[in-house]
$ cat target-v8.cif   # mmCIF, C-alpha atoms
data_final
loop_
_atom_site.label_atom_id
_atom_site.label_comp_id
_atom_site.auth_asym_id
_atom_site.auth_seq_id
_atom_site.Cartn_x
_atom_site.Cartn_y
_atom_site.Cartn_z
CA MET A 1 39.25 38.27 -61.08
CA ALA A 2 36.77 36.42 -58.82
CA LYS A 3 33.31 37.92 -58.47
CA SER A 4 30.64 37.98 -55.77
CA LEU A 5 27.21 36.77 -56.79
CA LEU A 6 23.63 36.94 -55.52
CA LEU A 7 21.25 34.31 -56.86
CA VAL A 8 17.52 35.16 -56.63
CA ASP A 9 15.00 32.39 -57.33
CA ASP A 10 12.03 31.11 -55.31
CA SER A 11 12.99 27.51 -56.08
CA ALA A 12 15.79 26.19 -53.85
CA THR A 13 16.23 23.38 -56.36
CA MET A 14 16.76 25.82 -59.20
CA ARG A 15 19.26 27.79 -57.12
CA LYS A 16 21.28 24.60 -56.64
CA ILE A 17 21.09 23.78 -60.35
CA ILE A 18 22.27 27.26 -61.30
CA LEU A 19 25.14 27.08 -58.82
CA ARG A 20 26.18 23.68 -60.22
CA THR A 21 25.97 25.05 -63.76
CA LEU A 22 28.12 28.06 -62.84
CA ARG A 23 30.77 25.65 -61.60
CA MET A 24 30.47 23.53 -64.75
CA ALA A 25 30.86 26.70 -66.81
CA GLY A 26 34.13 27.39 -64.99
CA LEU A 27 33.16 30.90 -63.90
CA ASP A 28 35.27 32.40 -61.13
CA ILE A 29 32.82 33.09 -58.27
CA ASP A 30 34.39 33.69 -54.85
CA SER A 31 31.32 34.49 -52.75
CA PHE A 32 27.76 33.40 -53.21
CA GLU A 33 24.50 34.54 -51.58
CA GLU A 34 20.94 33.33 -52.14
CA ALA A 35 17.51 34.95 -51.89
CA GLY A 36 14.01 33.53 -52.41
CA ASP A 37 12.46 36.70 -53.87
CA GLY A 38 13.12 40.35 -54.66
CA ASN A 39 12.42 41.62 -51.15
CA GLU A 40 14.92 39.24 -49.57
CA ALA A 41 17.45 40.14 -52.27
CA LEU A 42 17.11 43.88 -51.61
CA GLU A 43 17.65 43.31 -47.88
CA LYS A 44 20.84 41.38 -48.60
CA LEU A 45 22.07 44.02 -51.03
CA LYS A 46 21.62 46.79 -48.43
CA ASP A 47 24.13 44.99 -46.21
CA LYS A 48 26.44 43.74 -48.92
CA PRO A 49 26.43 44.83 -52.59
CA VAL A 50 27.62 42.20 -55.07
CA ASP A 51 29.24 42.19 -58.49
CA ILE A 52 26.60 40.10 -60.26
CA ILE A 53 22.93 39.29 -59.58
CA LEU A 54 21.29 36.32 -61.29
CA CYS A 55 17.54 36.73 -60.99
CA ASP A 56 14.38 34.81 -61.88
CA ILE A 57 11.32 36.78 -63.06
CA ASN A 58 8.22 34.94 -61.83
CA MET A 59 8.45 34.75 -58.05
CA PRO A 60 5.92 35.14 -55.26
CA GLY A 61 6.45 38.35 -53.30
CA MET A 62 8.58 40.77 -55.29
CA GLY A 63 9.26 39.43 -58.79
CA GLY A 64 12.37 40.00 -60.88
CA LEU A 65 11.05 42.85 -63.03
CA GLU A 66 10.26 45.01 -60.01
CA MET A 67 13.50 44.01 -58.31
CA VAL A 68 15.61 45.26 -61.22
CA LYS A 69 14.00 48.70 -60.97
CA GLU A 70 14.61 48.81 -57.21
CA VAL A 71 18.26 47.73 -57.52
CA ARG A 72 18.87 50.44 -60.10
CA LYS A 73 17.75 53.03 -57.52
CA MET A 74 20.51 51.89 -55.12
CA ASP A 75 23.73 53.92 -55.42
CA SER A 76 25.67 51.09 -53.79
CA CYS A 77 24.71 48.79 -56.69
CA ALA A 78 25.55 51.19 -59.51
CA ASP A 79 28.23 48.83 -60.84
CA THR A 80 26.30 45.61 -60.18
CA LYS A 81 25.49 43.58 -63.28
CA ILE A 82 22.05 41.96 -63.36
CA VAL A 83 21.41 38.89 -65.51
CA MET A 84 17.86 37.52 -65.65
CA ILE A 85 17.32 33.74 -65.76
CA SER A 86 13.76 32.84 -66.68
CA THR A 87 11.48 30.58 -68.66
CA GLU A 88 9.96 33.75 -70.15
CA SER A 89 11.10 34.21 -73.74
CA ALA A 90 8.84 36.92 -75.18
CA GLU A 91 10.98 39.53 -76.96
CA GLU A 92 8.95 42.45 -75.60
CA LEU A 93 9.50 41.31 -72.03
CA ILE A 94 13.23 40.78 -72.58
CA GLU A 95 13.64 44.18 -74.24
CA GLY A 96 11.65 45.77 -71.41
CA VAL A 97 13.73 44.37 -68.59
CA LEU A 98 16.98 45.22 -70.40
CA ALA A 99 15.68 48.79 -70.82
CA ASP A 100 14.86 48.86 -67.09
CA GLY A 101 18.47 48.10 -66.18
CA ALA A 102 19.19 44.40 -66.55
CA ASN A 103 22.45 43.66 -68.36
CA GLY A 104 21.78 40.17 -69.71
CA TYR A 105 19.13 37.49 -70.16
CA VAL A 106 19.34 33.69 -70.07
CA THR A 107 16.31 31.52 -70.86
CA LYS A 108 15.56 28.26 -69.08
CA PRO A 109 16.30 25.52 -69.88
CA PHE A 110 19.94 26.56 -70.04
CA THR A 111 23.29 24.86 -70.52
CA PRO A 112 26.73 25.60 -69.02
CA GLU A 113 27.61 27.04 -72.44
CA SER A 114 24.69 29.47 -72.50
CA ILE A 115 25.43 30.56 -68.92
CA GLN A 116 29.11 31.08 -69.74
CA GLU A 117 28.28 33.00 -72.91
CA ASN A 118 25.97 35.40 -71.05
CA LEU A 119 28.09 35.90 -67.92
CA SER A 120 31.64 35.94 -69.25
CA PRO A 121 31.38 39.59 -70.44
CA PHE A 122 30.88 40.56 -66.79
CA MET A 123 33.66 38.43 -65.33
CA ASN A 124 36.57 40.73 -66.24
CA MET B 1 -2.21 34.43 -88.05
CA ILE B 2 -1.98 31.33 -85.88
CA THR B 3 -0.43 28.51 -87.85
CA GLU B 4 -1.75 24.99 -87.39
CA ILE B 5 -0.27 23.52 -84.24
CA CYS B 6 0.21 19.89 -83.29
CA PHE B 7 0.21 20.26 -79.53
CA GLU B 8 1.32 16.66 -79.02
CA ASP B 9 4.54 17.32 -80.95
CA VAL B 10 5.17 20.61 -79.16
CA LEU B 11 4.55 18.97 -75.78
CA LEU B 12 6.97 16.12 -76.46
CA GLU B 13 9.67 18.41 -77.86
CA SER B 14 9.35 20.66 -74.79
CA ALA B 15 9.77 17.69 -72.45
CA LYS B 16 12.80 16.44 -74.38
CA GLU B 17 14.42 19.86 -74.27
CA VAL B 18 13.90 20.29 -70.52
CA PHE B 19 14.89 16.79 -69.42
CA GLU B 20 17.80 16.31 -71.79
CA THR B 21 19.29 19.80 -71.36
CA MET B 22 18.85 20.39 -67.62
CA ILE B 23 18.32 17.02 -65.98
CA TYR B 24 20.36 14.68 -68.16
CA MET B 25 17.50 12.18 -68.54
CA SER B 26 16.02 10.85 -71.78
CA VAL B 27 12.36 11.26 -72.76
CA GLU B 28 10.43 9.04 -75.15
CA GLN B 29 6.72 8.86 -75.84
CA CYS B 30 5.16 5.62 -74.54
CA PRO B 31 3.87 3.60 -77.47
CA ASP B 32 1.15 2.13 -75.25
CA CYS B 33 -1.53 3.84 -73.19
CA ILE B 34 0.14 3.41 -69.79
CA THR B 35 -1.22 5.28 -66.77
CA VAL B 36 0.62 6.39 -63.66
CA GLU B 37 -0.78 4.61 -60.62
CA GLY B 38 -0.42 4.62 -56.83
CA GLU B 39 0.90 7.58 -54.85
CA THR B 40 1.68 10.32 -57.34
CA LEU B 41 2.87 13.91 -57.50
CA LEU B 42 1.16 16.35 -59.85
CA GLY B 43 3.08 19.50 -60.72
CA SER B 44 0.93 22.01 -62.56
CA ILE B 45 1.05 25.57 -63.81
CA THR B 46 -1.70 27.65 -65.41
CA PHE B 47 -1.52 30.16 -68.26
CA THR B 48 -3.70 32.87 -69.79
CA GLY B 49 -3.54 34.72 -73.09
CA SER B 50 -5.11 34.07 -76.48
CA ILE B 51 -5.40 30.52 -75.21
CA GLU B 52 -5.74 29.63 -71.53
CA GLY B 53 -5.29 26.43 -69.61
CA CYS B 54 -3.06 24.29 -67.49
CA MET B 55 0.03 22.21 -68.08
CA ALA B 56 1.05 19.44 -65.70
CA ILE B 57 3.40 16.56 -65.17
CA CYS B 58 2.26 13.58 -63.11
CA CYS B 59 4.57 10.82 -61.91
CA ASP B 60 4.86 8.36 -59.07
CA LYS B 61 6.95 9.15 -56.02
CA ASP B 62 9.92 7.01 -57.06
CA CYS B 63 10.08 8.71 -60.44
CA ALA B 64 9.80 12.14 -58.79
CA LYS B 65 12.63 11.24 -56.42
CA THR B 66 14.85 10.11 -59.32
CA ILE B 67 14.14 13.32 -61.23
CA ALA B 68 14.91 15.46 -58.17
CA CYS B 69 18.16 13.57 -57.49
CA ASN B 70 19.26 14.08 -61.09
CA MET B 71 18.38 17.77 -60.93
CA LEU B 72 20.43 18.16 -57.77
CA ALA B 73 23.23 15.87 -59.02
CA MET B 74 22.90 13.64 -55.95
CA GLU B 75 24.58 10.23 -56.09
CA GLY B 76 22.04 8.40 -53.91
CA ASP B 77 18.49 9.32 -52.94
CA ASP B 78 18.75 8.86 -49.15
CA GLY B 79 19.49 12.49 -48.32
CA ILE B 80 16.78 14.13 -50.37
CA SER B 81 13.80 15.68 -48.57
CA GLN B 82 10.12 15.68 -49.57
CA ASP B 83 10.30 19.47 -49.91
CA GLU B 84 13.18 19.17 -52.38
CA ILE B 85 11.24 16.58 -54.40
CA ARG B 86 8.12 18.76 -54.53
CA ASP B 87 10.18 21.83 -55.43
CA ALA B 88 11.87 19.89 -58.24
CA VAL B 89 8.54 18.70 -59.70
CA GLY B 90 7.17 22.26 -59.58
CA GLU B 91 10.25 23.59 -61.34
CA ILE B 92 9.89 20.91 -64.03
CA ALA B 93 6.29 22.09 -64.65
CA ASN B 94 7.57 25.69 -64.83
CA MET B 95 10.29 24.85 -67.35
CA LEU B 96 7.98 22.66 -69.44
CA LEU B 97 5.53 25.50 -69.81
CA GLY B 98 8.38 27.93 -70.53
CA SER B 99 9.60 25.71 -73.35
CA LEU B 100 6.04 25.21 -74.63
CA LYS B 101 5.47 28.98 -74.55
CA ALA B 102 8.62 29.61 -76.57
CA SER B 103 7.42 27.14 -79.22
CA LEU B 104 3.95 28.69 -79.33
CA LEU B 105 5.40 32.21 -79.64
CA LYS B 106 7.13 31.07 -82.83
CA LYS B 107 3.73 29.93 -84.11
CA ASN B 108 2.17 33.36 -83.52
CA VAL B 109 0.00 32.33 -80.56
CA GLY B 110 1.16 35.44 -78.69
CA ASN B 111 2.57 35.73 -75.21
CA LEU B 112 1.03 33.81 -72.33
CA ASP B 113 1.01 34.96 -68.71
CA VAL B 114 1.85 32.12 -66.35
CA SER B 115 1.18 31.38 -62.69
CA ILE B 116 3.55 30.12 -60.01
CA PRO B 117 3.74 26.28 -60.18
CA CYS B 118 1.73 24.19 -57.74
CA VAL B 119 2.49 20.63 -56.59
CA VAL B 120 0.03 18.23 -54.94
CA SER B 121 0.39 14.59 -53.98
CA GLY B 122 -2.18 11.81 -53.67
CA ARG B 123 -3.87 9.00 -55.58
CA GLU B 124 -5.79 9.23 -58.86
CA LEU B 125 -5.10 12.96 -59.17
CA THR B 126 -6.89 14.81 -61.97
CA SER B 127 -7.34 18.40 -63.02
CA SER B 128 -10.17 19.88 -65.06
CA LEU B 129 -10.61 23.06 -67.06
CA GLY B 130 -14.35 22.63 -67.57
CA GLU B 131 -16.49 22.67 -70.70
CA GLY B 132 -15.07 23.63 -74.07
CA SER B 133 -11.53 22.61 -73.25
CA VAL B 134 -9.20 20.23 -75.03
CA GLU B 135 -7.16 17.77 -73.00
CA ILE B 136 -4.02 15.98 -74.11
CA ILE B 137 -2.60 13.28 -71.87
CA MET B 138 0.70 11.90 -73.11
CA PRO B 139 2.40 9.01 -71.30
CA ILE B 140 6.19 9.24 -71.56
CA TYR B 141 9.22 7.31 -70.43
CA ILE B 142 11.69 9.38 -68.44
CA ASP B 143 14.65 6.99 -68.61
CA GLU B 144 12.86 3.82 -67.43
CA SER B 145 10.14 5.52 -65.37
CA VAL B 146 6.64 6.35 -66.62
CA ALA B 147 5.11 9.81 -66.27
CA GLU B 148 2.23 11.70 -67.87
CA LEU B 149 2.35 15.08 -69.55
CA ILE B 150 -1.02 16.79 -69.37
CA LEU B 151 -2.08 19.85 -71.35
CA GLN B 152 -5.55 21.32 -71.05
CA TYR B 153 -6.42 24.43 -73.01
CA ARG B 154 -9.22 26.42 -74.61
CA ILE B 155 -9.51 29.55 -76.72
CA ALA B 156 -9.87 32.52 -74.37
CA LYS B 157 -13.19 34.40 -74.50
#

$ encode --input "target-v8.cif" --output "structure tokens"
Amino acid sequence: MAKSLLLVDDSATMRKIILRTLRMAGLDIDSFEEAGDGNEALEKLKDKPVDIILCDINMPGMGGLEMVKEVRKMDSCADTKIVMISTESAEELIEGVLADGANGYVTKPFTPESIQENLSPFMN
Amino acid sequence: MITEICFEDVLLESAKEVFETMIYMSVEQCPDCITVEGETLLGSITFTGSIEGCMAICCDKDCAKTIACNMLAMEGDDGISQDEIRDAVGEIANMLLGSLKASLLKKNVGNLDVSIPCVVSGRELTSSLGEGSVEIIMPIYIDESVAELILQYRIAK
């Protein structure tokens, strides 16, 4: 079943790379929104909740860690899966954001295989 | 305990991982001491923790354009904007430091807090961390283009 997706990253280039990698991974995405930071993402989610959020951590404005906490306060996003995509790889940070409500974590640099492995549990 | 670290090796391995995994370009260390000249872009990112410093990649504008086109999977380079090129170089610096951080974590350096990447353009660009710092400048081939990886660090007080 096709899913809707919100991609949150301050780099437009990285957003394009992630979108290309999602296609290479063969994941079934039927609608796709973008945001440059957590604040913009929350505004978009108020209007239109999505199935999956892919989110960077280090961003100017509202970063990914704070955004996860805010999304988890939104009743309309109770079923939304959040997967972090970041260069951060410290175990404590990963465990912390998963405890705060993220559902998955992909480290950059990533491959189509690592994206598929982390997102496929949320595609059914 | 911090194990002995060869930063040159870690730097090169990080660059190989980033360019070969995400950008589909090869990276080799230049055997000669080649410098990047003319109009260049310098993408840098700073870090703090048990060690603090700055990591950067410096390349000429043609090399930066090629990297950006590969990142965006563009066939030609006519349609790419200067903003996209700068964004791509900044993201490279971000991923290089991410990969470097992951390697250093395995060597018990501890976590490093990182800044948002910054990109500047100009001629003869340099960055300095001041007294007591170590600087590694490593010329590399990215496919056929030359670039420099720069790592400056010092033990935090």

$ closest_residue --input "target-v8.cif" --among "B:Gly90, B:Pro139, B:Gly43, B:Pro31" --to "chain A" --atoms "only C-alpha atoms"
B:Gly90

$ atom_distance --input "target-v8.cif" --atom1 "atom CA of B:Lys106" --atom2 "atom CA of A:Ala102"
24.3 Å

$ interface_residues --input "target-v8.cif" --of "chain B" --to "chain A" --cutoff "9 Å" --atoms "all atoms listed in the file" --output "ChimeraX atom specification"
/B:17-19,21-22,68,71-73,84-85,87-88,90-91,94-99,101-102,105,110-112,114-116

$ atom_distance --input "target-v8.cif" --atom1 "atom CA of A:Asp79" --atom2 "atom CA of A:Ser114"
22.9 Å

$ axis_aligned_box --input "target-v8.cif" --around "stretch 43-52 of chain B" --padding-each-side "4 Å" --output "lines of an AutoDock Vina configuration file"
center_x = -1.3
center_y = 27.1
center_z = -68.6
size_x = 16.8
size_y = 23.2
size_z = 23.8

$ residues_near_point --input "target-v8.cif" --point "(9.6, 37.1, -62.0)" --cutoff "9 Å" --atoms "all atoms listed in the file" --output "ChimeraX atom specification"
/A:9,37-38,55-60,62-67,86,88

$ residues_around --input "target-v8.cif" --residues "B:Ile34" --least-positions-apart "4" --cutoff "9 Å" --atoms "all atoms listed in the file" --output "number ranges by chain"
B: 30, 139-140, 146-148

$ resolve_selection --input "target-v8.cif" --expression "the PyMOL selection byres ((chain B and resi 57-64) around 7)" --output "number ranges by chain"
B: 36-44, 56, 65-68, 85, 89, 93, 145-150

$ residues_around --input "target-v8.cif" --residues "B:Cys54" --least-positions-apart "3" --cutoff "9 Å" --atoms "only C-alpha atoms" --output "ChimeraX atom specification"
/B:44-48,97,127-129,150-153

$ decode --input "target-v8.cif" --residues "stretch 1-22 of chain B" --atoms "C-alpha atoms" --output "PDB file, in the first residue's frame"
ATOM      1  CA  MET B   1      41.286   5.154  27.001  1.00  0.00           C
ATOM      2  CA  ILE B   2      41.913   6.828  23.661  1.00  0.00           C
ATOM      3  CA  THR B   3      43.712   4.441  21.353  1.00  0.00           C
ATOM      4  CA  GLU B   4      46.401   5.781  19.046  1.00  0.00           C
ATOM      5  CA  ILE B   5      44.762   7.363  16.031  1.00  0.00           C
ATOM      6  CA  CYS B   6      46.191   7.954  12.584  1.00  0.00           C
ATOM      7  CA  PHE B   7      44.017  10.870  11.541  1.00  0.00           C
ATOM      8  CA  GLU B   8      45.265  10.721   7.946  1.00  0.00           C
ATOM      9  CA  ASP B   9      43.929   7.171   7.572  1.00  0.00           C
ATOM     10  CA  VAL B  10      40.624   8.032   9.233  1.00  0.00           C
ATOM     11  CA  LEU B  11      40.241  11.116   7.039  1.00  0.00           C
ATOM     12  CA  LEU B  12      40.864   9.191   3.823  1.00  0.00           C
ATOM     13  CA  GLU B  13      38.573   6.320   4.805  1.00  0.00           C
ATOM     14  CA  SER B  14      35.806   8.812   5.657  1.00  0.00           C
ATOM     15  CA  ALA B  15      36.150  10.490   2.261  1.00  0.00           C
ATOM     16  CA  LYS B  16      36.078   7.147   0.457  1.00  0.00           C
ATOM     17  CA  GLU B  17      32.970   6.072   2.335  1.00  0.00           C
ATOM     18  CA  VAL B  18      31.085   9.299   1.599  1.00  0.00           C
ATOM     19  CA  PHE B  19      32.039   9.684  -2.055  1.00  0.00           C
ATOM     20  CA  GLU B  20      31.802   6.033  -3.031  1.00  0.00           C
ATOM     21  CA  THR B  21      28.561   5.290  -1.156  1.00  0.00           C
ATOM     22  CA  MET B  22      26.535   8.445  -1.798  1.00  0.00           C
TER      23      MET B  22
END
